[in-house]
Each structure stands twice: as structure tokens, then as C-alpha cells.
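A.B. asks: Have a peek at input.cif (mmCIF, N, CA and C atoms).
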data_protein
loop_
_atom_site.label_atom_id
_atom_site.label_comp_id
_atom_site.auth_asym_id
_atom_site.auth_seq_id
_atom_site.Cartn_x
_atom_site.Cartn_y
_atom_site.Cartn_z
N SER A 1 11.73 100.81 54.21
CA SER A 1 11.23 99.85 55.17
C SER A 1 12.12 98.61 55.23
N ALA A 2 13.16 98.54 54.41
CA ALA A 2 14.04 97.36 54.41
C ALA A 2 14.89 97.31 55.67
N ASP A 3 15.22 96.11 56.09
CA ASP A 3 16.14 95.91 57.20
C ASP A 3 17.55 95.98 56.62
N LEU A 4 18.19 97.15 56.75
CA LEU A 4 19.49 97.35 56.10
C LEU A 4 20.58 96.47 56.71
N ASP A 5 20.50 96.20 58.00
CA ASP A 5 21.49 95.32 58.62
C ASP A 5 21.42 93.93 58.00
N LEU A 6 20.21 93.41 57.88
CA LEU A 6 20.02 92.09 57.28
C LEU A 6 20.42 92.10 55.80
N ALA A 7 20.05 93.15 55.09
CA ALA A 7 20.39 93.24 53.66
C ALA A 7 21.90 93.27 53.46
N ALA A 8 22.61 94.02 54.28
CA ALA A 8 24.06 94.11 54.14
C ALA A 8 24.73 92.78 54.50
N ARG A 9 24.28 92.13 55.57
CA ARG A 9 24.84 90.83 55.95
C ARG A 9 24.61 89.81 54.83
N THR A 10 23.42 89.82 54.27
CA THR A 10 23.10 88.90 53.19
C THR A 10 23.94 89.20 51.95
N ALA A 11 24.15 90.47 51.66
CA ALA A 11 24.95 90.87 50.50
C ALA A 11 26.40 90.43 50.66
N VAL A 12 26.94 90.55 51.87
CA VAL A 12 28.32 90.10 52.12
C VAL A 12 28.41 88.60 51.90
N THR A 13 27.50 87.85 52.49
CA THR A 13 27.50 86.39 52.32
C THR A 13 27.37 86.02 50.85
N ALA A 14 26.47 86.70 50.15
CA ALA A 14 26.24 86.40 48.73
C ALA A 14 27.49 86.69 47.89
N ARG A 15 28.25 87.69 48.30
CA ARG A 15 29.44 88.05 47.52
C ARG A 15 30.61 87.10 47.75
N ILE A 16 30.77 86.61 48.98
CA ILE A 16 31.96 85.81 49.27
C ILE A 16 31.73 84.31 49.25
N GLN A 17 30.49 83.86 49.05
CA GLN A 17 30.26 82.41 49.09
C GLN A 17 31.13 81.72 48.06
N ASN A 18 31.65 80.58 48.46
CA ASN A 18 32.58 79.80 47.62
C ASN A 18 33.78 80.65 47.18
N ALA A 19 34.26 81.49 48.09
CA ALA A 19 35.41 82.37 47.84
C ALA A 19 35.18 83.30 46.64
N GLY A 20 33.93 83.60 46.35
CA GLY A 20 33.61 84.49 45.25
C GLY A 20 33.76 83.86 43.89
N GLN A 21 33.95 82.54 43.85
CA GLN A 21 34.22 81.84 42.59
C GLN A 21 33.02 81.07 42.07
N SER A 22 31.86 81.46 42.47
CA SER A 22 30.65 80.76 42.05
C SER A 22 29.87 81.64 41.09
N CYS A 23 29.26 81.03 40.10
CA CYS A 23 28.51 81.81 39.12
C CYS A 23 27.27 82.46 39.73
N ILE A 24 26.89 82.04 40.93
CA ILE A 24 25.72 82.65 41.56
C ILE A 24 26.10 83.69 42.62
N CYS A 25 27.40 83.97 42.77
CA CYS A 25 27.81 85.00 43.72
C CYS A 25 27.34 86.38 43.23
N ALA A 26 26.90 87.17 44.18
CA ALA A 26 26.43 88.52 43.84
C ALA A 26 27.59 89.36 43.32
N LYS A 27 27.37 90.04 42.25
CA LYS A 27 28.38 90.93 41.70
C LYS A 27 27.90 92.38 41.67
N ARG A 28 26.59 92.55 41.73
CA ARG A 28 25.99 93.88 41.72
C ARG A 28 24.83 93.89 42.70
N MET A 29 24.64 95.00 43.35
CA MET A 29 23.50 95.19 44.23
C MET A 29 22.75 96.44 43.76
N ILE A 30 21.46 96.35 43.73
CA ILE A 30 20.64 97.50 43.38
C ILE A 30 20.12 98.08 44.68
N VAL A 31 20.54 99.31 44.98
CA VAL A 31 20.21 99.95 46.24
C VAL A 31 19.59 101.31 45.96
N HIS A 32 18.46 101.57 46.57
CA HIS A 32 17.78 102.85 46.37
C HIS A 32 18.66 103.99 46.89
N ALA A 33 18.64 105.09 46.18
CA ALA A 33 19.47 106.25 46.54
C ALA A 33 19.22 106.73 47.97
N ASP A 34 17.99 106.60 48.45
CA ASP A 34 17.67 107.09 49.80
C ASP A 34 18.41 106.32 50.90
N VAL A 35 18.80 105.08 50.64
CA VAL A 35 19.47 104.28 51.67
C VAL A 35 20.87 103.85 51.24
N TYR A 36 21.33 104.36 50.12
CA TYR A 36 22.62 103.93 49.57
C TYR A 36 23.77 104.09 50.56
N ASP A 37 23.94 105.27 51.11
CA ASP A 37 25.06 105.52 52.01
C ASP A 37 25.01 104.63 53.25
N ALA A 38 23.83 104.48 53.82
CA ALA A 38 23.67 103.64 55.01
C ALA A 38 23.97 102.17 54.67
N PHE A 39 23.49 101.71 53.52
CA PHE A 39 23.77 100.33 53.10
C PHE A 39 25.26 100.15 52.85
N LEU A 40 25.87 101.08 52.14
CA LEU A 40 27.29 100.98 51.81
C LEU A 40 28.15 100.92 53.08
N ASP A 41 27.83 101.73 54.06
CA ASP A 41 28.57 101.69 55.33
C ASP A 41 28.50 100.30 55.96
N ARG A 42 27.32 99.72 55.99
CA ARG A 42 27.14 98.39 56.58
C ARG A 42 27.84 97.31 55.75
N PHE A 43 27.70 97.40 54.44
CA PHE A 43 28.32 96.42 53.55
C PHE A 43 29.84 96.48 53.68
N GLU A 44 30.39 97.68 53.67
CA GLU A 44 31.84 97.84 53.80
C GLU A 44 32.34 97.28 55.13
N ALA A 45 31.64 97.57 56.20
CA ALA A 45 32.02 97.04 57.51
C ALA A 45 31.95 95.51 57.52
N GLY A 46 30.94 94.96 56.89
CA GLY A 46 30.80 93.52 56.82
C GLY A 46 31.91 92.87 56.03
N MET A 47 32.30 93.47 54.92
CA MET A 47 33.39 92.92 54.11
C MET A 47 34.71 93.01 54.86
N LYS A 48 34.94 94.10 55.57
CA LYS A 48 36.17 94.25 56.35
C LYS A 48 36.24 93.25 57.50
N ALA A 49 35.10 92.80 57.98
CA ALA A 49 35.06 91.87 59.11
C ALA A 49 35.26 90.41 58.69
N VAL A 50 35.23 90.13 57.40
CA VAL A 50 35.39 88.76 56.93
C VAL A 50 36.82 88.31 57.23
N LYS A 51 36.95 87.19 57.93
CA LYS A 51 38.27 86.64 58.24
C LYS A 51 38.73 85.81 57.05
N ILE A 52 39.85 86.20 56.48
CA ILE A 52 40.40 85.50 55.33
C ILE A 52 41.55 84.63 55.83
N GLY A 53 41.57 83.38 55.39
CA GLY A 53 42.64 82.50 55.82
C GLY A 53 42.39 81.05 55.48
N ASP A 54 42.93 80.18 56.32
CA ASP A 54 42.83 78.74 56.13
C ASP A 54 41.38 78.30 56.33
N PRO A 55 40.75 77.73 55.31
CA PRO A 55 39.35 77.34 55.44
C PRO A 55 39.12 76.22 56.46
N MET A 56 40.18 75.59 56.91
CA MET A 56 40.05 74.53 57.92
C MET A 56 40.02 75.10 59.34
N GLU A 57 40.36 76.39 59.48
CA GLU A 57 40.35 77.02 60.79
C GLU A 57 38.97 77.57 61.12
N GLN A 58 38.58 77.39 62.37
CA GLN A 58 37.29 77.90 62.85
C GLN A 58 37.23 79.42 62.67
N GLY A 59 36.14 79.92 62.18
CA GLY A 59 35.96 81.37 62.04
C GLY A 59 36.39 81.95 60.73
N THR A 60 37.08 81.17 59.89
CA THR A 60 37.50 81.69 58.58
C THR A 60 36.26 81.85 57.72
N GLY A 61 36.12 83.03 57.12
CA GLY A 61 34.95 83.31 56.29
C GLY A 61 35.22 83.15 54.81
N MET A 62 36.51 83.25 54.43
CA MET A 62 36.84 83.14 53.02
C MET A 62 38.24 82.55 52.90
N GLY A 63 38.35 81.47 52.11
CA GLY A 63 39.63 80.82 51.91
C GLY A 63 40.32 81.31 50.65
N PRO A 64 41.34 80.59 50.23
CA PRO A 64 42.12 81.02 49.06
C PRO A 64 41.34 80.89 47.76
N LEU A 65 41.77 81.63 46.76
CA LEU A 65 41.19 81.54 45.43
C LEU A 65 41.94 80.46 44.65
N SER A 66 41.27 79.85 43.70
CA SER A 66 41.89 78.74 42.96
C SER A 66 42.88 79.22 41.90
N SER A 67 42.62 80.36 41.31
CA SER A 67 43.54 80.85 40.28
C SER A 67 43.27 82.30 39.98
#
Take the structure I supplied and represent it as C-alpha cells, if you would.
C.D. replies:
Amino acid sequence: SADLDLAARTAVTARIQNAGQSCICAKRMIVHADVYDAFLDRFEAGMKAVKIGDPMEQGTGMGPLSS
């Protein structure tokens, strides 16, 4: 009954917030086997859609790492 689109979008945001350098960034997701493939497809597409680049540019979703 979960909204997989919303769950995947939230998971992507949780993983990349603060360029992935925050102690509260998601590192693991618990996904039921019945929806695993569908979730993974959405999550993978979401991660591929993240624009990496200059954080001062409009639309950039993830900037450089500090070290």
C-alpha cells in the first residue's frame, strides 16, 4: 500500500542531502521483497537524475564532496 514513487523520491533526497556527508543521511533502506524491484527501479532512476555540479547553479542537486 506504500506510495513507491514518494518513497523513492524521499530515499534519494535522504541519501544525497548535504552531499551525502551528514550523519543523518540514509545509508540503508529496508524494502519488502514484494516491492523491492519496483522500488529499486525508481530509486536508481532518481539517483541518475540528480544533477551534480556547482552548488551555486540553479538545479544542482549535489555539490562537491569535502574530502
A.B. asks: Compare A:Asp3, A:Ala45, A:Lys27, A:Pro64 by their minimum atom-to-atom distance to Arg15 in chain A, counting only N, CA and C atoms, and give me the closest one.
C.D. replies: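 Counting only N, CA and C atoms, the residue closest to Arg15 in chain A is A:Lys27.
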A.B. asks: Skip range 33-38 of chain A itself and residues of its chain fewer than 6 positions away, then list as a list in words all residues within 8 Å of it, counting only N, CA and C atoms.
C.D. replies: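 In the requested form, the answer reads Leu4, Asp5 and Glu44 of chain A.
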A.B. asks: Run through the PyMOL selection byres (((chain A and resi 25 and name CA) around 6) and name CA) on the given coordinates and return the selected residues as a list in words.
C.D. replies: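 Checked against the file, the PyMOL selection byres (((chain A and resi 25 and name CA) around 6) and name CA) matches Ala14, Arg15, Ser22, Cys23, Ile24 and Ala26 of chain A.
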A.B. asks: Between CA of Val50 in chain A and atom N of Val31 in chain A, what is the distance, to one decimal in Å?
C.D. replies: 21.8 Å
A.B. asks: One decimal, Å: what's the distance from CA of Gln17 in chain A over to CA of Met62 in chain A, could you say?
C.D. replies: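 The value is 7.7 Å.
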A.B. asks: Tell me which of A:Ile16, A:Met56, A:Ala8, A:Ala2 sits closest to Phe43 in chain A, counting all atoms listed in the file.
C.D. replies: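 Among A:Ile16, A:Met56, A:Ala8, A:Ala2, it is A:Ala8 that comes nearest to Phe43 in chain A.
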A.B. asks: What lies within 6 Å of Ile52 in chain A using only N, CA and C atoms, ignoring chain neighbours under 3 positions off, as a short mmCIF file (atom, residue, chain, number, x, y, z; two decimals) with N, CA and C atoms, in the coordinates of the input?
C.D. replies:
data_model
loop_
_atom_site.label_atom_id
_atom_site.label_comp_id
_atom_site.auth_asym_id
_atom_site.auth_seq_id
_atom_site.Cartn_x
_atom_site.Cartn_y
_atom_site.Cartn_z
N THR A 60 37.08 81.17 59.89
CA THR A 60 37.50 81.69 58.58
C THR A 60 36.26 81.85 57.72
N GLY A 61 36.12 83.03 57.12
CA GLY A 61 34.95 83.31 56.29
C GLY A 61 35.22 83.15 54.81
N MET A 62 36.51 83.25 54.43
CA MET A 62 36.84 83.14 53.02
C MET A 62 38.24 82.55 52.90
N GLY A 63 38.35 81.47 52.11
CA GLY A 63 39.63 80.82 51.91
C GLY A 63 40.32 81.31 50.65
#
A.B. asks: For the atom pair atom C of Leu65 in chain A and atom N of Met47 in chain A, what is the interatomic distance in Å to one decimal place?
C.D. replies: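 Going from atom C of Leu65 in chain A over to atom N of Met47 in chain A covers 19.2 Å.
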A.B. asks: Any chance you could turn range 4-19 of chain A into a file with N, CA, C and O atoms, as a PDB file, in the first residue's frame?
C.D. replies:
ATOM      1  N   LEU A   4       5.231   4.073  -3.777  1.00  0.00           N
ATOM      2  CA  LEU A   4       6.628   3.803  -4.115  1.00  0.00           C
ATOM      3  C   LEU A   4       7.309   5.000  -4.771  1.00  0.00           C
ATOM      4  O   LEU A   4       8.512   5.208  -4.577  1.00  0.00           O
ATOM      5  N   ASP A   5       6.572   5.788  -5.536  1.00  0.00           N
ATOM      6  CA  ASP A   5       7.167   6.977  -6.141  1.00  0.00           C
ATOM      7  C   ASP A   5       7.633   7.943  -5.053  1.00  0.00           C
ATOM      8  O   ASP A   5       8.751   8.452  -5.095  1.00  0.00           O
ATOM      9  N   LEU A   6       6.765   8.187  -4.087  1.00  0.00           N
ATOM     10  CA  LEU A   6       7.116   9.073  -2.984  1.00  0.00           C
ATOM     11  C   LEU A   6       8.255   8.492  -2.152  1.00  0.00           C
ATOM     12  O   LEU A   6       9.190   9.199  -1.765  1.00  0.00           O
ATOM     13  N   ALA A   7       8.202   7.200  -1.884  1.00  0.00           N
ATOM     14  CA  ALA A   7       9.249   6.557  -1.085  1.00  0.00           C
ATOM     15  C   ALA A   7      10.604   6.660  -1.775  1.00  0.00           C
ATOM     16  O   ALA A   7      11.614   6.961  -1.130  1.00  0.00           O
ATOM     17  N   ALA A   8      10.644   6.444  -3.076  1.00  0.00           N
ATOM     18  CA  ALA A   8      11.903   6.509  -3.809  1.00  0.00           C
ATOM     19  C   ALA A   8      12.430   7.946  -3.859  1.00  0.00           C
ATOM     20  O   ALA A   8      13.629   8.175  -3.671  1.00  0.00           O
ATOM     21  N   ARG A   9      11.557   8.913  -4.104  1.00  0.00           N
ATOM     22  CA  ARG A   9      11.989  10.322  -4.118  1.00  0.00           C
ATOM     23  C   ARG A   9      12.545  10.724  -2.754  1.00  0.00           C
ATOM     24  O   ARG A   9      13.576  11.401  -2.663  1.00  0.00           O
ATOM     25  N   THR A  10      11.872  10.305  -1.707  1.00  0.00           N
ATOM     26  CA  THR A  10      12.321  10.617  -0.351  1.00  0.00           C
ATOM     27  C   THR A  10      13.654   9.939  -0.058  1.00  0.00           C
ATOM     28  O   THR A  10      14.542  10.536   0.559  1.00  0.00           O
ATOM     29  N   ALA A  11      13.820   8.704  -0.508  1.00  0.00           N
ATOM     30  CA  ALA A  11      15.067   7.971  -0.290  1.00  0.00           C
ATOM     31  C   ALA A  11      16.234   8.640  -1.007  1.00  0.00           C
ATOM     32  O   ALA A  11      17.333   8.733  -0.461  1.00  0.00           O
ATOM     33  N   VAL A  12      15.999   9.122  -2.222  1.00  0.00           N
ATOM     34  CA  VAL A  12      17.055   9.826  -2.961  1.00  0.00           C
ATOM     35  C   VAL A  12      17.452  11.091  -2.206  1.00  0.00           C
ATOM     36  O   VAL A  12      18.636  11.352  -1.979  1.00  0.00           O
ATOM     37  N   THR A  13      16.473  11.880  -1.805  1.00  0.00           N
ATOM     38  CA  THR A  13      16.755  13.109  -1.061  1.00  0.00           C
ATOM     39  C   THR A  13      17.505  12.798   0.229  1.00  0.00           C
ATOM     40  O   THR A  13      18.478  13.473   0.577  1.00  0.00           O
ATOM     41  N   ALA A  14      17.060  11.761   0.935  1.00  0.00           N
ATOM     42  CA  ALA A  14      17.692  11.390   2.203  1.00  0.00           C
ATOM     43  C   ALA A  14      19.144  10.950   1.997  1.00  0.00           C
ATOM     44  O   ALA A  14      19.991  11.171   2.852  1.00  0.00           O
ATOM     45  N   ARG A  15      19.419  10.339   0.863  1.00  0.00           N
ATOM     46  CA  ARG A  15      20.777   9.850   0.609  1.00  0.00           C
ATOM     47  C   ARG A  15      21.737  10.967   0.216  1.00  0.00           C
ATOM     48  O   ARG A  15      22.908  10.934   0.573  1.00  0.00           O
ATOM     49  N   ILE A  16      21.266  11.954  -0.537  1.00  0.00           N
ATOM     50  CA  ILE A  16      22.194  12.958  -1.057  1.00  0.00           C
ATOM     51  C   ILE A  16      22.212  14.259  -0.267  1.00  0.00           C
ATOM     52  O   ILE A  16      23.006  15.148  -0.579  1.00  0.00           O
ATOM     53  N   GLN A  17      21.357  14.393   0.748  1.00  0.00           N
ATOM     54  CA  GLN A  17      21.336  15.672   1.467  1.00  0.00           C
ATOM     55  C   GLN A  17      22.712  15.980   2.025  1.00  0.00           C
ATOM     56  O   GLN A  17      23.433  15.089   2.465  1.00  0.00           O
ATOM     57  N   ASN A  18      23.072  17.238   1.945  1.00  0.00           N
ATOM     58  CA  ASN A  18      24.399  17.710   2.374  1.00  0.00           C
ATOM     59  C   ASN A  18      25.515  16.931   1.671  1.00  0.00           C
ATOM     60  O   ASN A  18      26.530  16.585   2.264  1.00  0.00           O
ATOM     61  N   ALA A  19      25.310  16.635   0.390  1.00  0.00           N
ATOM     62  CA  ALA A  19      26.283  15.909  -0.435  1.00  0.00           C
ATOM     63  C   ALA A  19      26.629  14.537   0.153  1.00  0.00           C
ATOM     64  O   ALA A  19      27.716  14.026  -0.054  1.00  0.00           O
TER      65      ALA A  19
END
